Amino acid sequence: MAAAPLSTPLDVHFFIPPSDSKGTIFFTKPLRTNSTRKFTFSCHSSKPKPKPPPNLPESPSPNNPSLSDQLKPLSTTTLSPAKPDQTHLLSKPKSTWVNPTRPKRSVLSLQRHKRSPYSYNPQVRELKLLARKLNNCDDSQEALSLTLNEVPFEPTRENALLILNSLKFWPKSYFFFNWIKTQNLFPMETIFYNVTMKSLRFGRQFQLIEQLANEMVSNGIELDNITYSTIISCAKRCNMFNKAIEWFERMYKTGLMPDEVTYSAILDVYAKSGKVEEVLSLYERGVASGWKPDAITFSVLGKMFGETGDYDGIRYVLQEMRSLGVQPNVVVYNTLLEAMGKAGKPGLARSLFDEMVESGLTPDEKTLTALIKVYGKARWAKDALELWERMRANSWPMDFILYNTLLNMCADIGLVEEAERLFEDMKQSSDHCKPDSYSYTAMLNIYGSGGNVDKAMYMFEEMSELGVAVNVMGCTCLIQCLGKARRIDDLVTVFGVSVKRGVKPDDRLCGCLLSVVSLCETSEDVGKVVACLQEANPKLVGLVKLIENKKTGFETVKQEFKSVIRDTAVDARRPFCNCLIDICRNRYLYERAHELLYLGNLYGLYPGLHNKTVDEWSLDVRSLSIGAAHTALEEWMGTLAKVVEREEALPELFLAQTGTGTHKFSQGLATSFASHVKKLAAPFAQSEERAGCFVATREDLVSWVQSRIPSAVTA
DNA sequence: ATAGGGTTAG
């Protein structure tokens with residue numbers, strides 16, 4: 001891999017800014033591929049970009065490499081591991097073009113496609129009336145032909161265009177377009193195809209669009225930037241990214257340069273297919289061609305980085321806008337706020353929102369939805385409530401999704417009364433904000449996590465009465481709550497009704513049922529819940545039976561555990577293991593509990609459980625259930641005893657992290673842990689400086705272990 | 001939706 005590290009993938013001559021250049025910031029961030037991504041902040045803050053010489057042809061010659069050929073080296077150059085001398089090259093004192101002898105090739109036309117001017121049509125009223133009739137009539141060929149014959153009109157080019165533009169649904173537009181074609185009164189120009197394609201795009205009819213495009217090619221009708229951007233955006237909306245790229249390349253091959261609309265459409269295609277490196281290359285290449293990207297481009301970039309919660313990427317977008325002097329609009333702020341949330345930066349989302357309001361923009365429903373969601377997830381109750389207050393004081397726009405997001409925020413933070421008030425507002429509101437399945441799910445979540453079984457059950461019954469669908473999450477919340485209240489018969493009923501009403505149990509629901517199994521006090525109750533679980537996940541029930549049997553050997557448990565966990569959704573794996581451990585402990589199967597904790601660790605379900613530095617060893621049980629945390633503590637004590645016995649080096653401080661349970665409804669892991677520590681007479685005490693931590697000094701721990709060793713030996 | 005590109009809910 002001795003290739004010049006800064007050779008550019010797109011054959012664009014690379015401008016290396018001087019090291020003291022103010023507009024250039026360089027930072028790296030490791031990607032999952034263990035490579036290094038480079039963000040070069042283009043050096044366009046102070047000096048205007050040199051315009052490409054006017055005598056250069058705008059379009060590439062037909063034998064130009066296709067875009068995919070041009071992009072090929074990209075994956076091999078930019079995804080290769082970082083080389084130390086890259087930074088060397090960057091700090092070269094003089095600005096220089098890597099290859100100044102070759103002319104810079106532009107990738108996009110800086111001129112937008114020009115539209116033909118609108119001219120007034122005196123017959124507009126009659127034509128609109130006909131269009132309305134067509135819109136309202138049946139989709140069938142017969143009905144449409146009949147309507148056209150009923151209201152005869154002069155089928156001139158202008159009249160036909162006006163009608164075509166006024167048709168709403170694609171079957172009508174497509175029919176009318178074909179009708180004009182068969183009339184043979186005037187040549188079919190590009191604009192007729194473009195208008196029809198736009199309508200087809202609303203109906204996601206990519207196949208028909210492609211058919212029309214091919215027809216244009218074979219009839220020698222020019223495809224312009226409007227045609228291509230429509231084709232590309234339709235393919236994108238149909239998730240046919242390869243088709244979108246194929247047409248983009250065809251465009252270059254026919255010698256047509258994309259303008260900024262087509263260019264940002266293709267950027268979005270690459271962004272949505274997760275090709276971040278390609279997007280950045282195209283972006284930088286466009287900027288190097290003298291393009292000043294607009295707000296739409298930045299919202300595409302912002303959305304892309306938000307998708308992976310890439311904070312460096314978000315900073316890059318903000319920095320680029322600043323240095324290019326592009327003022328973000330509401331959409332850009334919305335995507336960036338959302339992205340900040342995904343990147344886990346609630347504070348920065350808040351400042352960004354403040355900046356937005358200060359700049360004179362009015363937040364819309366999407367802005368507020370994004371921010372409320374961020375505050376809810378971060379459990380920033382104060383900010384969430386303040387924002388809500390501000391929304392009402394300023395009468396900022398509310399919609400249905402925002403209402404439901406507010407309810408979810410209430411569930412995240414534990415604001416029961418506020419949620420009830422909102423829910424009532426929704427019930428009293430006009431039709432478009434009536435509580436739906438999402439709203440009820442949020443309420444089930446709120447009542448369920450708060451242990452308010454009766455109100456939760458009431459919600460469930462109300463849903464049945466009003467015909468609101470129950471979804472798997474609502475069902476899970478209610479079952480969890482009924483389980484905690486030991487209302488097993490109600491639980492069985494709710495499970496049965498939900499399944500009957502179309503709920504497909506998923507791994508989370510199974511995890512929830514499994515946790516109820518661990519809570520059951522009688523074998524009768526266990527049987528009832530296991531019967532539900534048997535319906536949803538028989539293999540999991542098999543594993544439970546296996547581990548409960550003392551005679552089952554470790555190897556058998558290991559194989560079965562592995563097989564069940566492999567088939568389980570990633571986010572449900574640890575809960576499964578936690579519950580299995582709890583079940584064992586409740587049946588006094590301590591050895592089995594330790595085996596399961598070992599297996600959970602083996603298969604990576606408890607990353608970061610043990611942490612060691614020179615000064616401090618810690619056990620982080622925050623993601624463990626009570627039974628699993630006890631098991632982990634016992635395991636840790638056993639290990640420490642061995643270390644003490646062998647007189648190996650020990651740190652000053654020992655730490656067990658239980659967390660404080662920031663969630664209002666969260667169970668008291670700390671309390672339970674404290675009593676277990678007491679039972680073991682271990683010298684851990686709740687730390688006053690570090691919330692959610694139990695600490696022990698080396699001296700205390702060593703003397704405690706030594707006092708226990710004789711008993712440990714005899715036991 | 002009056003020929004083309006971007007943003008909201010477990």
# chains A, B, ... in the order shown; residues from 1 in each chain; ligands from 1
call {"tool": "closest_atom_pairs", "arguments": {"of": "chain B", "to": "region 197-205 of chain A", "cutoff": "9 Å", "atoms": "only C-alpha atoms (C1' of nucleotides)", "output": "Markdown table"}}
result
| residue | atom | partner | partner_atom | distance |
| --- | --- | --- | --- | --- |
| B:DA1 | C1' | A:Ser199 | CA | 7.7 |
| B:DA3 | C1' | A:Lys198 | CA | 7.6 |
| B:DG4 | C1' | A:Lys198 | CA | 8.4 |
call {"tool": "interface_residues", "arguments": {"of": "chain A", "to": "chain B", "cutoff": "8 Å", "atoms": "only C-alpha atoms (C1' of nucleotides)", "output": "PyMOL selection string"}}
result
chain A and resi 162+165-166+168+191-192+194-195+198-199+225-230+233+261-265+295-297+299-300+331-332+334-335+365-367+369-370+401-402+404-405+438+473
call {"tool": "select_by_dssp", "arguments": {"residues": "region 474-588 of chain A", "states": "helix (DSSP H, G or I)", "output": "PyMOL selection string"}}
result
chain A and resi 474-484+488-500+507-519+523-536+538-548+554-566+570-586
call {"tool": "atom_distance", "arguments": {"atom1": "CA of Ala691 (chain A)", "atom2": "CA of Arg574 (chain A)"}}
result
24.4 Å
call {"tool": "residues_around", "arguments": {"residues": "Leu514 (chain A)", "least_positions_apart": "3", "cutoff": "10 Å", "atoms": "only C-alpha atoms (C1' of nucleotides)", "output": "list in words"}}
result
Gln480, Arg508, Leu509, Cys510, Gly511, Val517, Ser518, Leu519, Val526, Val529, Val530, Cys532, Leu533, Leu540, Val541, Val544, Pro575, Phe576, Cys577, Asn578, Cys579, Leu580, Asp582 and Ile583 of chain A
call {"tool": "atom_distance", "arguments": {"atom1": "CA of Ser437 (chain A)", "atom2": "CA of Gly467 (chain A)"}}
result
9.5 Å
call {"tool": "atom_distance", "arguments": {"atom1": "CA of Leu407 (chain A)", "atom2": "CA of Glu389 (chain A)"}}
result
14.6 Å
call {"tool": "residues_around", "arguments": {"residues": "region 141-153 of chain A", "least_positions_apart": "6", "cutoff": "12 Å", "atoms": "only C-alpha atoms (C1' of nucleotides)", "output": "compact mmCIF listing (two decimals) with all heavy atoms, in the first residue's frame"}}
result
# COMPACT_ATOMS: atom_id res chain seq x y z
N GLN A 123 -58.10 30.41 -21.38
CA GLN A 123 -59.13 29.41 -21.14
C GLN A 123 -58.93 28.67 -19.81
O GLN A 123 -59.51 27.60 -19.60
CB GLN A 123 -59.11 28.37 -22.27
CG GLN A 123 -59.63 28.93 -23.59
CD GLN A 123 -59.33 27.96 -24.71
OE1 GLN A 123 -58.20 27.91 -25.21
NE2 GLN A 123 -60.30 27.17 -25.10
N VAL A 124 -58.10 29.26 -18.95
CA VAL A 124 -57.70 28.56 -17.73
C VAL A 124 -58.87 28.01 -16.93
O VAL A 124 -58.83 26.89 -16.43
CB VAL A 124 -56.74 29.42 -16.87
CG1 VAL A 124 -57.41 30.70 -16.42
CG2 VAL A 124 -56.19 28.64 -15.72
N GLU A 126 -62.01 27.06 -17.82
CA GLU A 126 -62.65 25.88 -18.41
C GLU A 126 -61.74 24.66 -18.33
O GLU A 126 -62.18 23.55 -18.04
CB GLU A 126 -63.01 26.12 -19.90
CG GLU A 126 -64.04 27.20 -20.14
CD GLU A 126 -63.43 28.59 -20.20
OE1 GLU A 126 -62.87 28.94 -21.26
OE2 GLU A 126 -63.49 29.33 -19.19
N LEU A 127 -60.47 24.92 -18.57
CA LEU A 127 -59.51 23.80 -18.55
C LEU A 127 -59.38 23.21 -17.15
O LEU A 127 -59.29 22.00 -16.96
CB LEU A 127 -58.15 24.26 -19.08
CG LEU A 127 -58.16 24.64 -20.57
CD1 LEU A 127 -56.90 25.42 -20.95
CD2 LEU A 127 -58.31 23.42 -21.46
N LYS A 128 -59.36 24.09 -16.15
CA LYS A 128 -59.28 23.62 -14.76
C LYS A 128 -60.50 22.78 -14.40
O LYS A 128 -60.41 21.81 -13.66
CB LYS A 128 -59.17 24.81 -13.79
CG LYS A 128 -57.80 25.47 -13.78
CD LYS A 128 -56.91 24.86 -12.73
CE LYS A 128 -55.52 25.46 -12.79
NZ LYS A 128 -54.57 24.79 -11.92
N LEU A 129 -61.63 23.21 -14.93
CA LEU A 129 -62.88 22.48 -14.67
C LEU A 129 -62.82 21.06 -15.25
O LEU A 129 -63.19 20.08 -14.60
CB LEU A 129 -64.05 23.25 -15.30
CG LEU A 129 -65.42 22.95 -14.69
CD1 LEU A 129 -65.54 23.57 -13.32
CD2 LEU A 129 -66.53 23.47 -15.62
N LEU A 130 -62.28 20.98 -16.46
CA LEU A 130 -62.13 19.67 -17.09
C LEU A 130 -61.17 18.80 -16.28
O LEU A 130 -61.44 17.60 -16.03
CB LEU A 130 -61.62 19.84 -18.53
CG LEU A 130 -61.25 18.54 -19.26
CD1 LEU A 130 -62.41 17.55 -19.30
CD2 LEU A 130 -60.77 18.84 -20.69
N ALA A 131 -60.08 19.42 -15.83
CA ALA A 131 -59.09 18.68 -15.03
C ALA A 131 -59.74 18.15 -13.77
O ALA A 131 -59.51 17.01 -13.36
CB ALA A 131 -57.91 19.60 -14.68
N ARG A 132 -60.60 18.97 -13.16
CA ARG A 132 -61.26 18.55 -11.93
C ARG A 132 -62.17 17.35 -12.20
O ARG A 132 -62.24 16.42 -11.42
CB ARG A 132 -62.06 19.70 -11.32
CG ARG A 132 -62.34 19.47 -9.82
CD ARG A 132 -62.98 20.68 -9.17
NE ARG A 132 -62.27 21.92 -9.47
CZ ARG A 132 -62.88 23.11 -9.61
NH1 ARG A 132 -64.18 23.21 -9.51
NH2 ARG A 132 -62.16 24.19 -9.86
N LYS A 133 -62.87 17.43 -13.35
CA LYS A 133 -63.75 16.31 -13.72
C LYS A 133 -62.94 15.03 -13.89
O LYS A 133 -63.35 13.95 -13.44
CB LYS A 133 -64.51 16.63 -15.02
CG LYS A 133 -65.69 17.55 -14.76
CD LYS A 133 -66.73 17.44 -15.85
CE LYS A 133 -68.05 18.03 -15.36
NZ LYS A 133 -68.87 18.55 -16.44
N LEU A 134 -61.81 15.17 -14.55
CA LEU A 134 -60.95 13.99 -14.76
C LEU A 134 -60.45 13.46 -13.41
O LEU A 134 -60.40 12.26 -13.18
CB LEU A 134 -59.78 14.34 -15.67
CG LEU A 134 -60.10 14.50 -17.17
CD1 LEU A 134 -58.93 15.13 -17.91
CD2 LEU A 134 -60.45 13.16 -17.80
N ASN A 135 -60.07 14.39 -12.54
CA ASN A 135 -59.58 13.98 -11.22
C ASN A 135 -60.63 13.21 -10.44
O ASN A 135 -60.30 12.30 -9.69
CB ASN A 135 -59.16 15.22 -10.40
CG ASN A 135 -57.75 15.66 -10.72
OD1 ASN A 135 -56.89 14.83 -11.01
ND2 ASN A 135 -57.53 16.96 -10.69
N ASN A 159 -52.95 24.13 -23.88
CA ASN A 159 -54.11 23.59 -23.16
C ASN A 159 -53.80 22.21 -22.57
O ASN A 159 -54.14 21.93 -21.42
CB ASN A 159 -55.31 23.47 -24.11
CG ASN A 159 -55.88 24.84 -24.44
OD1 ASN A 159 -55.48 25.84 -23.85
ND2 ASN A 159 -56.80 24.89 -25.40
N ALA A 160 -53.17 21.38 -23.38
CA ALA A 160 -52.84 20.04 -22.92
C ALA A 160 -51.90 20.09 -21.71
O ALA A 160 -52.08 19.37 -20.73
CB ALA A 160 -52.20 19.24 -24.05
N ILE A 163 -53.75 21.12 -18.50
CA ILE A 163 -54.53 20.01 -17.92
C ILE A 163 -53.60 18.98 -17.28
O ILE A 163 -53.80 18.55 -16.14
CB ILE A 163 -55.43 19.35 -18.99
CG1 ILE A 163 -56.53 20.34 -19.37
CG2 ILE A 163 -56.04 18.06 -18.47
CD1 ILE A 163 -57.42 19.85 -20.47
N PRO A 171 -52.50 7.69 -12.33
CA PRO A 171 -53.20 6.97 -13.41
C PRO A 171 -53.85 7.95 -14.40
O PRO A 171 -53.86 7.70 -15.60
CB PRO A 171 -54.25 6.15 -12.67
CG PRO A 171 -53.77 6.05 -11.27
CD PRO A 171 -53.04 7.31 -11.01
N LYS A 172 -54.35 9.07 -13.85
CA LYS A 172 -54.98 10.08 -14.70
C LYS A 172 -53.94 10.75 -15.59
O LYS A 172 -54.15 10.92 -16.80
CB LYS A 172 -55.68 11.15 -13.85
CG LYS A 172 -56.58 10.61 -12.76
CD LYS A 172 -57.91 10.15 -13.31
CE LYS A 172 -58.70 9.33 -12.33
NZ LYS A 172 -59.49 10.09 -11.38
N SER A 173 -52.84 11.15 -14.97
CA SER A 173 -51.79 11.83 -15.75
C SER A 173 -51.27 10.92 -16.85
O SER A 173 -51.08 11.35 -17.99
CB SER A 173 -50.62 12.22 -14.85
OG SER A 173 -51.08 12.70 -13.64
N TYR A 174 -51.05 9.66 -16.47
CA TYR A 174 -50.50 8.71 -17.43
C TYR A 174 -51.47 8.47 -18.58
O TYR A 174 -51.09 8.44 -19.74
CB TYR A 174 -50.18 7.40 -16.70
CG TYR A 174 -49.37 6.44 -17.52
CD1 TYR A 174 -48.12 6.81 -18.04
CD2 TYR A 174 -49.83 5.15 -17.78
CE1 TYR A 174 -47.37 5.92 -18.79
CE2 TYR A 174 -49.08 4.25 -18.53
CZ TYR A 174 -47.85 4.66 -19.04
OH TYR A 174 -47.11 3.78 -19.78
N PHE A 175 -52.75 8.35 -18.24
CA PHE A 175 -53.77 8.17 -19.28
C PHE A 175 -53.81 9.40 -20.21
O PHE A 175 -53.79 9.26 -21.42
CB PHE A 175 -55.15 7.97 -18.64
CG PHE A 175 -56.28 8.06 -19.63
CD1 PHE A 175 -56.64 6.95 -20.39
CD2 PHE A 175 -56.96 9.26 -19.84
CE1 PHE A 175 -57.66 7.04 -21.32
CE2 PHE A 175 -57.97 9.35 -20.78
CZ PHE A 175 -58.33 8.24 -21.52
N PHE A 176 -53.85 10.58 -19.61
CA PHE A 176 -53.98 11.81 -20.39
C PHE A 176 -52.76 12.01 -21.30
O PHE A 176 -52.88 12.39 -22.46
CB PHE A 176 -54.18 13.02 -19.48
CG PHE A 176 -54.52 14.27 -20.21
CD1 PHE A 176 -55.76 14.41 -20.85
CD2 PHE A 176 -53.61 15.32 -20.29
CE1 PHE A 176 -56.07 15.56 -21.55
CE2 PHE A 176 -53.92 16.48 -20.99
CZ PHE A 176 -55.15 16.60 -21.61
N ASN A 178 -50.87 9.67 -22.55
CA ASN A 178 -50.97 8.75 -23.67
C ASN A 178 -52.05 9.18 -24.65
O ASN A 178 -51.91 9.00 -25.86
CB ASN A 178 -51.27 7.33 -23.16
CG ASN A 178 -50.01 6.69 -22.58
OD1 ASN A 178 -48.92 6.85 -23.14
ND2 ASN A 178 -50.16 6.00 -21.47
N TRP A 179 -53.08 9.80 -24.13
CA TRP A 179 -54.15 10.30 -24.99
C TRP A 179 -53.62 11.39 -25.92
O TRP A 179 -53.86 11.38 -27.13
CB TRP A 179 -55.31 10.81 -24.13
CG TRP A 179 -56.48 11.32 -24.94
CD1 TRP A 179 -57.48 10.57 -25.48
CD2 TRP A 179 -56.73 12.68 -25.29
NE1 TRP A 179 -58.35 11.38 -26.16
CE2 TRP A 179 -57.92 12.68 -26.06
CE3 TRP A 179 -56.09 13.89 -25.03
CZ2 TRP A 179 -58.47 13.85 -26.58
CZ3 TRP A 179 -56.63 15.06 -25.53
CH2 TRP A 179 -57.81 15.04 -26.31
N ILE A 180 -52.87 12.36 -25.31
CA ILE A 180 -52.30 13.44 -26.13
C ILE A 180 -51.43 12.84 -27.23
O ILE A 180 -51.45 13.28 -28.38
CB ILE A 180 -51.40 14.40 -25.31
CG1 ILE A 180 -52.12 14.90 -24.06
CG2 ILE A 180 -50.96 15.59 -26.15
CD1 ILE A 180 -51.17 15.61 -23.11
